[in-house]
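Listing of my_file.txt; format and content: compact mmCIF, C-alpha atoms and all ligand atoms.
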```txt
# COMPACT_ATOMS: atom_id res chain seq x y z
CA MET P 257 110.14 96.12 147.78
CA THR P 258 110.79 96.86 144.15
CA GLY P 259 107.43 95.54 142.94
CA SER P 260 106.91 96.74 139.41
CA ARG P 261 110.53 96.87 138.32
CA ALA P 262 111.94 94.11 136.11
CA PHE P 263 113.51 91.04 137.70
CA ILE P 264 117.32 91.03 137.47
CA PRO P 265 118.28 87.52 136.27
CA PRO P 266 121.44 85.82 137.57
CA ALA P 267 122.95 85.88 134.05
CA ARG P 268 122.03 87.36 130.67
CA PRO P 269 123.77 85.83 127.63
CA VAL P 270 124.40 88.32 124.81
CA ILE P 271 123.29 87.55 121.26
CA GLY P 272 123.60 90.97 119.64
CA GLU P 273 123.05 92.17 116.08
CA GLU P 274 126.75 91.71 115.27
CA GLU P 275 126.64 88.09 116.42
CA ILE P 276 123.51 87.49 114.33
CA GLU P 277 125.06 89.15 111.27
CA ALA P 278 128.23 87.09 111.64
CA ALA P 279 126.23 83.87 111.86
CA VAL P 280 124.08 84.80 108.86
CA ARG P 281 127.15 85.73 106.83
CA VAL P 282 128.60 82.25 107.37
CA LEU P 283 125.26 80.52 106.79
CA ARG P 284 124.83 82.38 103.48
CA SER P 285 128.33 81.36 102.41
CA GLY P 286 127.21 77.72 102.54
CA MET P 287 130.54 76.76 104.17
CA VAL P 288 129.41 76.08 107.71
CA VAL P 289 131.60 73.34 109.14
CA GLN P 290 135.09 73.80 110.60
CA GLY P 291 136.98 76.05 108.20
CA PRO P 292 138.37 79.58 107.90
CA GLU P 293 136.27 81.06 110.73
CA VAL P 294 137.53 78.42 113.15
CA ALA P 295 141.12 79.04 112.03
CA ALA P 296 140.69 82.80 112.51
CA PHE P 297 139.06 82.29 115.92
CA GLU P 298 142.00 80.12 117.04
CA GLN P 299 144.47 82.70 115.78
CA GLU P 300 142.71 85.57 117.55
CA PHE P 301 142.16 83.68 120.82
CA SER P 302 145.90 83.02 120.95
CA ALA P 303 146.45 86.68 121.95
CA LEU P 304 144.61 85.94 125.21
CA VAL P 305 147.08 83.19 126.21
CA ASP P 306 150.50 84.69 125.45
CA GLY P 307 150.50 83.43 121.85
CA ARG P 308 150.00 79.75 122.61
CA HIS P 309 148.59 77.28 120.07
CA CYS P 310 144.80 77.19 120.16
CA VAL P 311 142.58 74.28 119.14
CA ALA P 312 138.84 74.99 118.96
CA VAL P 313 136.36 72.27 119.91
CA ASN P 314 132.60 71.97 120.33
CA SER P 315 132.40 72.50 124.12
CA GLY P 316 134.40 73.15 127.25
CA THR P 317 133.82 69.57 128.32
CA SER P 318 135.25 68.36 125.00
CA ALA P 319 138.28 70.60 125.59
CA LEU P 320 138.92 68.90 128.94
CA GLN P 321 138.21 65.40 127.64
CA LEU P 322 140.40 65.82 124.56
CA SER P 323 143.29 67.24 126.61
CA LEU P 324 143.15 64.23 128.92
CA LEU P 325 142.84 61.80 125.99
CA ALA P 326 145.94 63.39 124.52
CA LEU P 327 147.77 62.50 127.75
CA ASP P 328 146.97 58.81 127.00
CA LEU P 329 145.49 58.04 130.42
CA LYS P 330 145.51 54.36 131.30
CA PRO P 331 142.92 52.71 133.56
CA GLY P 332 143.77 53.54 137.17
CA ASP P 333 145.67 56.70 136.29
CA GLU P 334 144.71 59.41 138.76
CA VAL P 335 143.93 63.04 138.08
CA ILE P 336 143.74 65.39 141.07
CA VAL P 337 140.74 67.68 140.79
CA PRO P 338 138.79 69.91 143.19
CA SER P 339 135.37 68.60 144.15
CA PHE P 340 133.97 72.12 144.40
CA SER P 341 133.38 72.64 140.67
CA PHE P 342 130.99 71.86 137.85
CA ALA P 343 130.69 68.10 137.24
CA ALA P 344 132.38 68.46 133.83
CA SER P 345 135.75 68.78 135.58
CA ALA P 346 135.53 65.22 136.92
CA ASN P 347 133.33 63.82 134.14
CA SER P 348 136.09 64.59 131.65
CA VAL P 349 138.59 62.56 133.70
CA ARG P 350 136.25 59.57 133.68
CA LEU P 351 135.41 60.00 129.99
CA ALA P 352 139.12 59.94 129.19
CA GLY P 353 139.53 56.68 131.15
CA GLY P 354 141.12 58.10 134.30
CA THR P 355 140.18 58.22 137.98
CA PRO P 356 139.40 61.56 139.60
CA VAL P 357 140.95 62.10 143.02
CA PHE P 358 139.11 64.87 144.80
CA VAL P 359 140.85 67.49 146.91
CA ASP P 360 139.72 70.44 148.99
CA ILE P 361 139.67 74.13 148.13
CA GLU P 362 141.04 77.25 149.78
CA PRO P 363 138.24 79.07 151.59
CA GLY P 364 139.13 82.49 150.12
CA SER P 365 139.51 81.88 146.39
CA PHE P 366 137.28 78.77 146.24
CA CYS P 367 140.08 77.22 144.11
CA ILE P 368 142.16 74.07 144.62
CA ASP P 369 144.36 74.09 147.74
CA PRO P 370 147.95 73.40 146.55
CA ASP P 371 148.84 71.72 149.86
CA ALA P 372 145.83 69.42 149.54
CA ALA P 373 146.91 68.62 145.98
CA ALA P 374 150.42 67.79 147.20
CA ALA P 375 149.03 65.48 149.88
CA ALA P 376 146.90 63.62 147.31
CA ILE P 377 149.79 62.61 145.02
CA THR P 378 150.29 58.83 144.72
CA PRO P 379 152.39 56.68 142.36
CA ARG P 380 149.32 56.56 140.05
CA THR P 381 148.93 60.34 139.77
CA VAL P 382 149.48 61.61 136.21
CA ALA P 383 147.90 65.06 136.24
CA ILE P 384 146.47 67.91 138.28
CA MET P 385 143.43 69.82 137.08
CA PRO P 386 143.12 73.20 138.80
CA VAL P 387 139.79 74.93 138.16
CA HIS P 388 139.81 78.73 137.99
CA LEU P 389 136.46 78.82 139.70
CA TYR P 390 134.16 81.83 139.32
CA GLY P 391 136.89 83.55 137.27
CA HIS P 392 139.42 83.59 140.13
CA PRO P 393 142.72 82.00 139.03
CA ALA P 394 144.01 79.07 141.06
CA LYS P 395 147.44 79.34 142.73
CA MET P 396 149.21 78.38 139.50
CA GLU P 397 152.77 79.13 140.55
CA GLN P 398 152.51 76.62 143.42
CA ILE P 399 150.62 74.09 141.27
CA MET P 400 153.21 74.26 138.47
CA ALA P 401 156.09 73.86 140.94
CA LEU P 402 154.36 70.84 142.47
CA ALA P 403 153.70 69.30 139.06
CA GLN P 404 157.29 69.83 137.95
CA ALA P 405 158.65 68.27 141.14
CA HIS P 406 156.55 65.14 140.57
CA GLY P 407 156.56 64.95 136.77
CA LEU P 408 152.82 65.57 136.48
CA ALA P 409 150.84 67.20 133.68
CA VAL P 410 148.67 70.21 134.46
CA VAL P 411 145.36 70.65 132.64
CA GLU P 412 143.72 73.95 133.56
CA ASP P 413 139.95 74.11 133.67
CA ALA P 414 139.62 77.74 132.58
CA ALA P 415 135.97 77.39 131.53
CA GLN P 416 134.97 80.29 133.78
CA ALA P 417 138.11 82.39 133.54
CA HIS P 418 138.74 83.94 130.10
CA ALA P 419 141.50 86.55 130.59
CA ALA P 420 142.07 85.87 134.28
CA ALA P 421 145.75 85.97 135.23
CA VAL P 422 148.29 85.35 138.00
CA ASN P 423 151.02 87.99 138.32
CA GLY P 424 150.47 88.94 134.68
CA THR P 425 150.48 85.42 133.23
CA PRO P 426 147.07 84.54 131.78
CA VAL P 427 145.28 81.35 132.72
CA GLY P 428 145.59 78.81 129.94
CA ALA P 429 149.29 79.71 129.61
CA PHE P 430 150.54 77.62 132.55
CA GLY P 431 149.70 73.94 132.03
CA ILE P 432 150.26 71.60 129.09
CA ALA P 433 146.62 72.45 128.29
CA GLY P 434 144.22 75.25 129.16
CA CYS P 435 140.54 74.52 128.56
CA PHE P 436 137.98 77.24 127.93
CA SER P 437 134.20 77.07 127.47
CA PHE P 438 132.04 79.20 125.20
CA TYR P 439 128.69 78.19 126.70
CA PRO P 440 126.14 81.06 126.57
CA THR P 441 126.40 82.06 130.24
CA LYS P 442 130.23 82.14 130.26
CA ASN P 443 132.15 85.44 130.03
CA MET P 444 132.07 85.03 126.23
CA HIS P 445 130.29 82.43 124.12
CA SER P 446 129.88 80.80 120.72
CA LEU P 447 126.45 79.28 121.53
CA GLU P 448 128.32 76.09 122.45
CA GLY P 449 132.06 75.74 122.03
CA GLY P 450 135.44 75.40 123.66
CA MET P 451 139.15 76.09 123.16
CA ILE P 452 142.27 74.22 124.17
CA THR P 453 145.45 76.25 124.54
CA THR P 454 148.92 74.73 124.67
CA GLY P 455 152.53 75.80 124.38
CA ASP P 456 153.54 72.46 122.86
CA ALA P 457 153.27 72.18 119.06
CA GLU P 458 153.28 68.36 119.08
CA PHE P 459 150.52 68.31 121.69
CA ALA P 460 148.52 70.78 119.59
CA ARG P 461 148.86 68.52 116.56
CA LYS P 462 147.66 65.54 118.57
CA LEU P 463 144.64 67.54 119.75
CA ARG P 464 143.83 68.46 116.14
CA LEU P 465 143.98 64.79 115.17
CA LEU P 466 141.84 63.70 118.13
CA ARG P 467 139.27 66.39 117.33
CA ASN P 468 138.79 65.08 113.80
CA GLN P 469 138.74 61.26 113.67
CA GLY P 470 142.53 61.08 113.88
CA MET P 471 142.91 62.65 110.43
CA GLU P 472 144.98 65.55 109.18
CA GLN P 473 144.59 64.50 105.53
CA ARG P 474 141.16 63.14 104.68
CA TYR P 475 140.99 59.32 104.96
CA GLN P 476 144.63 59.15 106.07
CA ASN P 477 143.69 58.27 109.65
CA GLU P 478 146.70 58.26 111.95
CA ILE P 479 145.10 57.52 115.34
CA VAL P 480 141.62 56.87 116.77
CA GLY P 481 139.82 60.18 117.19
CA ALA P 482 136.45 61.72 117.91
CA ASN P 483 134.39 64.39 116.16
CA MET P 484 134.63 67.40 118.44
CA ARG P 485 134.84 70.03 115.73
CA LEU P 486 133.45 73.54 116.16
CA THR P 487 131.30 74.89 113.32
CA ASP P 488 132.29 78.00 111.41
CA VAL P 489 128.93 79.54 112.41
CA ALA P 490 129.82 79.17 116.09
CA ALA P 491 133.36 80.41 115.51
CA ALA P 492 132.07 83.54 113.76
CA ILE P 493 129.93 84.32 116.81
CA GLY P 494 132.87 83.58 119.09
CA ARG P 495 135.06 86.01 117.16
CA VAL P 496 132.54 88.82 117.65
CA GLN P 497 132.33 88.03 121.36
CA LEU P 498 136.11 87.83 121.71
CA GLY P 499 136.29 91.38 120.39
CA LYS P 500 134.03 92.52 123.23
CA LEU P 501 135.61 90.46 126.00
CA ALA P 502 138.04 93.10 127.32
CA GLY P 503 135.29 95.69 127.77
CA TRP P 504 132.96 93.16 129.33
CA THR P 505 135.67 92.01 131.74
CA GLU P 506 136.30 95.60 132.86
CA LYS P 507 132.57 96.05 133.46
CA ARG P 508 132.39 92.82 135.47
CA ARG P 509 135.34 94.01 137.58
CA ALA P 510 133.79 97.45 138.07
CA ASN P 511 130.48 95.84 139.10
CA ALA P 512 132.38 93.65 141.58
CA ALA P 513 134.23 96.66 143.03
CA TYR P 514 130.88 98.40 143.58
CA LEU P 515 129.41 95.37 145.34
CA ASP P 516 132.61 94.92 147.43
CA ALA P 517 132.32 98.50 148.63
CA ASN P 518 128.61 98.49 149.39
CA LEU P 519 127.49 95.05 150.55
CA LYS P 520 127.02 94.66 154.32
CA GLY P 521 126.43 91.64 156.52
CA VAL P 522 127.72 89.07 154.04
CA ALA P 523 131.25 87.87 153.20
CA VAL P 524 132.33 89.36 149.85
CA PRO P 525 134.74 87.30 147.69
CA PRO P 526 138.40 87.81 148.64
CA VAL P 527 141.03 88.00 145.89
CA ASP P 528 144.50 86.44 146.19
CA GLU P 529 147.52 88.71 145.98
CA GLY P 530 148.61 88.93 142.32
CA ALA P 531 145.35 87.41 141.06
CA HIS P 532 143.39 89.09 138.26
CA HIS P 533 139.79 88.00 138.94
CA VAL P 534 137.39 88.19 135.97
CA TYR P 535 134.20 87.56 137.99
CA HIS P 536 132.42 84.94 135.96
CA GLN P 537 130.49 84.78 139.22
CA TYR P 538 130.40 87.18 142.14
CA THR P 539 130.01 84.80 145.04
CA ILE P 540 129.23 85.75 148.61
CA ARG P 541 128.90 83.53 151.66
CA VAL P 542 125.81 83.74 153.82
CA GLN P 543 125.03 82.21 157.20
CA GLY P 544 121.69 80.69 158.13
CA GLY P 545 120.66 79.04 154.88
CA GLN P 546 120.88 79.72 151.18
CA ASP P 547 117.23 78.94 150.36
CA GLU P 548 115.85 81.64 152.62
CA PHE P 549 118.42 84.15 151.48
CA GLN P 550 117.70 83.46 147.81
CA ALA P 551 113.96 83.67 148.43
CA GLY P 552 114.47 87.07 150.08
CA LEU P 553 116.47 88.29 147.09
CA LYS P 554 113.86 86.98 144.67
CA GLU P 555 111.08 88.82 146.53
CA ARG P 556 113.10 91.97 145.95
CA GLY P 557 113.49 91.27 142.24
CA VAL P 558 117.05 89.96 142.34
CA GLY P 559 118.00 86.59 140.87
CA SER P 560 120.85 84.49 142.26
CA GLY P 561 122.39 81.05 141.91
CA VAL P 562 124.19 78.44 143.99
CA TYR P 563 127.25 77.02 142.22
CA TYR P 564 127.49 74.27 143.31
CA PRO P 565 125.06 72.97 145.93
CA ILE P 566 126.41 69.39 145.79
CA PRO P 567 130.19 68.88 145.59
CA ILE P 568 131.19 66.45 142.83
CA HIS P 569 132.42 63.78 145.26
CA ARG P 570 128.83 63.55 146.59
CA LEU P 571 127.22 63.16 143.15
CA LYS P 572 125.92 59.70 142.26
CA PRO P 573 128.48 58.80 139.54
CA PHE P 574 131.34 59.43 141.97
CA LEU P 575 130.03 57.51 144.99
CA ASN P 576 131.30 54.08 146.00
CA SER P 577 129.45 51.16 144.40
CA ASP P 578 127.47 50.69 147.66
CA GLY P 579 126.26 54.31 147.44
CA SER P 580 128.48 55.65 150.21
CA VAL P 581 130.67 58.71 149.78
CA GLY P 582 134.28 57.97 148.85
CA PRO P 583 137.28 58.28 151.15
CA TRP P 584 137.57 62.04 150.85
CA LYS P 585 137.41 64.51 153.72
CA LEU P 586 136.77 67.91 152.18
CA PRO P 587 135.55 70.25 154.93
CA GLU P 588 136.06 73.53 153.06
CA THR P 589 134.25 72.12 150.04
CA ASP P 590 131.26 70.99 152.09
CA LYS P 591 131.19 74.30 153.97
CA ALA P 592 131.28 76.37 150.77
CA ALA P 593 128.53 74.28 149.17
CA GLY P 594 126.27 75.22 152.10
CA GLU P 595 127.11 78.94 152.13
CA VAL P 596 127.74 80.29 148.63
CA ILE P 597 125.34 82.47 146.67
CA SER P 598 126.28 84.06 143.36
CA LEU P 599 124.76 87.47 142.60
CA PRO P 600 124.15 89.00 139.17
CA ILE P 601 127.45 90.47 137.91
CA MET P 602 127.01 90.48 134.11
CA PRO P 603 128.24 93.46 132.07
CA SER P 604 124.72 94.59 131.14
CA LEU P 605 123.84 95.56 134.73
CA THR P 606 122.89 99.23 135.03
CA ASP P 607 123.70 101.54 137.95
CA ASP P 608 120.09 101.13 139.02
CA ASP P 609 120.41 97.34 138.92
CA LEU P 610 123.54 97.52 141.07
CA GLU P 611 121.82 99.74 143.64
CA ARG P 612 118.88 97.36 143.75
CA ILE P 613 121.20 94.35 144.26
CA VAL P 614 122.97 96.11 147.14
CA ALA P 615 119.70 97.17 148.75
CA ALA P 616 118.26 93.67 148.43
CA VAL P 617 121.32 91.87 149.83
CA ASN P 618 121.74 94.33 152.71
CA GLU P 619 118.05 94.09 153.62
CA VAL P 620 118.00 90.30 153.52
CA ALA P 621 121.30 90.04 155.43
CA GLY P 622 119.98 92.40 158.10
CA ALA P 623 116.54 90.88 158.29
C1 LIG P 701 131.02 75.36 131.92
C2 LIG P 701 132.09 74.57 132.58
C3 LIG P 701 132.66 73.45 131.97
C4 LIG P 701 132.11 72.82 130.72
O1 LIG P 701 131.96 73.66 129.65
P1 LIG P 701 130.83 73.31 128.54
O2 LIG P 701 131.15 74.25 127.44
O3 LIG P 701 129.51 73.58 129.19
O4 LIG P 701 130.99 71.88 128.17
C5 LIG P 701 133.72 72.82 132.60
N1 LIG P 701 134.19 73.26 133.77
C6 LIG P 701 133.66 74.33 134.40
C7 LIG P 701 134.26 74.77 135.69
C8 LIG P 701 132.59 75.00 133.84
O5 LIG P 701 132.05 76.05 134.48
```

Produce structure tokens that represent the structure in this file.
Ligand SMILES: *Cc1c(COP(=O)(O)O)cnc(C)c1O
Amino acid sequence: MTGSRAFIPPARPVIGEEEIEAAVRVLRSGMVVQGPEVAAFEQEFSALVDGRHCVAVNSGTSALQLSLLALDLKPGDEVIVPSFSFAASANSVRLAGGTPVFVDIEPGSFCIDPDAAAAAITPRTVAIMPVHLYGHPAKMEQIMALAQAHGLAVVEDAAQAHAAAVNGTPVGAFGIAGCFSFYPTKNMHSLEGGMITTGDAEFARKLRLLRNQGMEQRYQNEIVGANMRLTDVAAAIGRVQLGKLAGWTEKRRANAAYLDANLKGVAVPPVDEGAHHVYHQYTIRVQGGQDEFQAGLKERGVGSGVYYPIPIHRLKPFLNSDGSVGPWKLPETDKAAGEVISLPIMPSLTDDDLERIVAAVNEVAGA
């Protein structure tokens, strides 16, 4: 038992002095809405995605929704998406007027199974949305080949995977759109915020129009658009965080390597060949029940989380109208939902924290 020592939370968002100073600087300037800070943030984020165009928006969900709106989905158009993800992945498809088609994951990476995606293609399929879950990149080379063969768009949900890569190519640099989130618990944040990355200048322009009422010039509306602008205050915070991302990512990876080497009696997260994992979450599998395991960790002062206990295809908005589960058979998804536990992995963990996490997990696993 660790009794008197502080509880280690599952995540610890950073709002440091530099972030506060950046926000105050913008607030004092009086120019707070989308402006020069947003433009600079977009410019700087571009370095993370091989120089692609970047369009900042007010959340990761907005990034996904706007990308799909820009594809002009028509009712009945299908988007293939893993069910083992945060609901935003499928919500965005619905919000953009499309129909999510759920597919299974690979048991190792927890990411979309390319063969399952291939099997789910129908004449109505317009896009595939791989999710780089927990910071592990999906099998993008296979997904891109599949999409090219069938003329499909690829929208990457990179909300958890800033700076993850496959064989040196960063996530967000594969599909027509890469969608990042800057929610406080993500690997970097801007309080709330998101970024869309694209290699297509015309697509980027369309995203900029959609983000701002369909206007480039004020009151010269070209198309119907939303207001999904990021504030300059948020962008200033995001720029500070972006400057720290590389160091934080290295610390996350070092923490993961320590846990990999020292955890016993649980399945540690495997990494695909060629994958650069950025450990938004460090997710183990346990047998015999997550609740008990989490309770054991908590008793020992270690927080944890289950992402996600209910696969999206089992959530109410995605059930059949009679309340039954849709036609999908997703055994790996259901299995993962009943086994996964994410441990603290954030950059601020100390050596002592890491030792305590290992001791707690090994005790509970052996108990
Ligand atoms: C966080 C997250 C989102 C949504 O991002 P927000 O900024 O919270 O809107 C989408 N997809 C995944 C996989 C996420 O983890």

Could you produce a table of the residues of chain P lying within 8 Å of ligand LIG 701 (chain P), with the nearest pair of atoms per residue and their separation in Å rounded to one decimal, using only C-alpha atoms and all ligand atoms, ordered by chain and increasing residue number, as CSV?
```
residue,atom,partner,partner_atom,distance
P:Asn314,CA,P:LIG701,O2,7.6
P:Ser315,CA,P:LIG701,O2,4.0
P:Gly316,CA,P:LIG701,O2,3.4
P:Thr317,CA,P:LIG701,O4,3.7
P:Ser318,CA,P:LIG701,O4,6.4
P:Ala319,CA,P:LIG701,O4,7.8
P:Leu320,CA,P:LIG701,C5,7.5
P:Ser341,CA,P:LIG701,C7,5.5
P:Phe342,CA,P:LIG701,C7,4.9
P:Ala343,CA,P:LIG701,N1,7.1
P:Ala344,CA,P:LIG701,C5,4.7
P:Ser345,CA,P:LIG701,N1,5.1
P:Val387,CA,P:LIG701,C7,6.1
P:His388,CA,P:LIG701,C7,7.2
P:Leu389,CA,P:LIG701,C7,6.1
P:Tyr390,CA,P:LIG701,O5,7.8
P:Asp413,CA,P:LIG701,N1,5.8
P:Ala414,CA,P:LIG701,C7,6.9
P:Ala415,CA,P:LIG701,C8,4.7
P:Gln416,CA,P:LIG701,O5,5.2
P:Phe436,CA,P:LIG701,O1,7.2
P:Ser437,CA,P:LIG701,O2,4.2
P:Phe438,CA,P:LIG701,O2,5.5
P:Tyr439,CA,P:LIG701,O2,4.7
P:Lys442,CA,P:LIG701,C1,7.0
P:Glu448,CA,P:LIG701,O2,6.0
P:Gly449,CA,P:LIG701,O2,5.7
P:Gly450,CA,P:LIG701,O2,5.8
```

So which residues are close to (141.3, 59.3, 139.3), meaning at most 12 Å away in the file's coordinates with all atoms listed in the file counted, and can you show them as number ranges by chain? P: 324, 329-338, 345-359, 376-385, 569, 574, 582

Which residue, P:Val480, P:Ala531, P:Leu553, P:Ile613, has the smallest gap to Ile601 of chain P when you use all atoms listed in the file?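 Ranking P:Val480, P:Ala531, P:Leu553, P:Ile613 by distance to Ile601 of chain P, first place goes to P:Ile613.
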
So the first atom is atom CA of His536 of chain P and the second is atom CA of Pro292 of chain P; what is the distance between them in Å, to one decimal place?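 Calculated distance between atom CA of His536 of chain P and atom CA of Pro292 of chain P is 29.2 Å.
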
Considering only C-alpha atoms, return as JSON, numbers by chain whatever protein or nucleic-acid residues lie within 12 Å of Ala551 of chain P, sequence-local ones (same chain, fewer than 4 positions apart) excluded. {"P": [545, 546, 547, 555, 556, 557, 558, 559, 560, 561, 597, 616, 617, 620, 621]}

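Closest approach to Val542 of chain P among P:Pro370, P:Gly521, P:Pro393, P:Pro603: P:Gly521, based on all atoms listed in the file.
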
Please measure the separation of atom CA of Ala513 of chain P and atom CA of Ile540 of chain P, giving the value in Å to one decimal.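 That distance, rounded to one decimal, is 13.2 Å.
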
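Reported to one decimal place, the separation of atom CA of Glu274 of chain P from atom CA of Leu599 of chain P is 27.7 Å.
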
Which residues are close to Leu519 of chain P, i.e. within 7 Å by only C-alpha atoms, leaving aside same-chain residues fewer than 3 positions away? Reply as a ChimeraX atom specification. /P:515-516,522,614,617-618

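When all atoms listed in the file are used to measure the gap to Ala482 of chain P, the shortest distance among P:Ile566, P:Ala267, P:Val289, P:Leu325 belongs to P:Leu325.
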
Which residues come within 6 Å of segment 452-464 of chain P, counting all atoms listed in the file, excluding same-chain residues fewer than 6 positions away, as a ChimeraX atom specification? /P:308-311,319,428,432-435
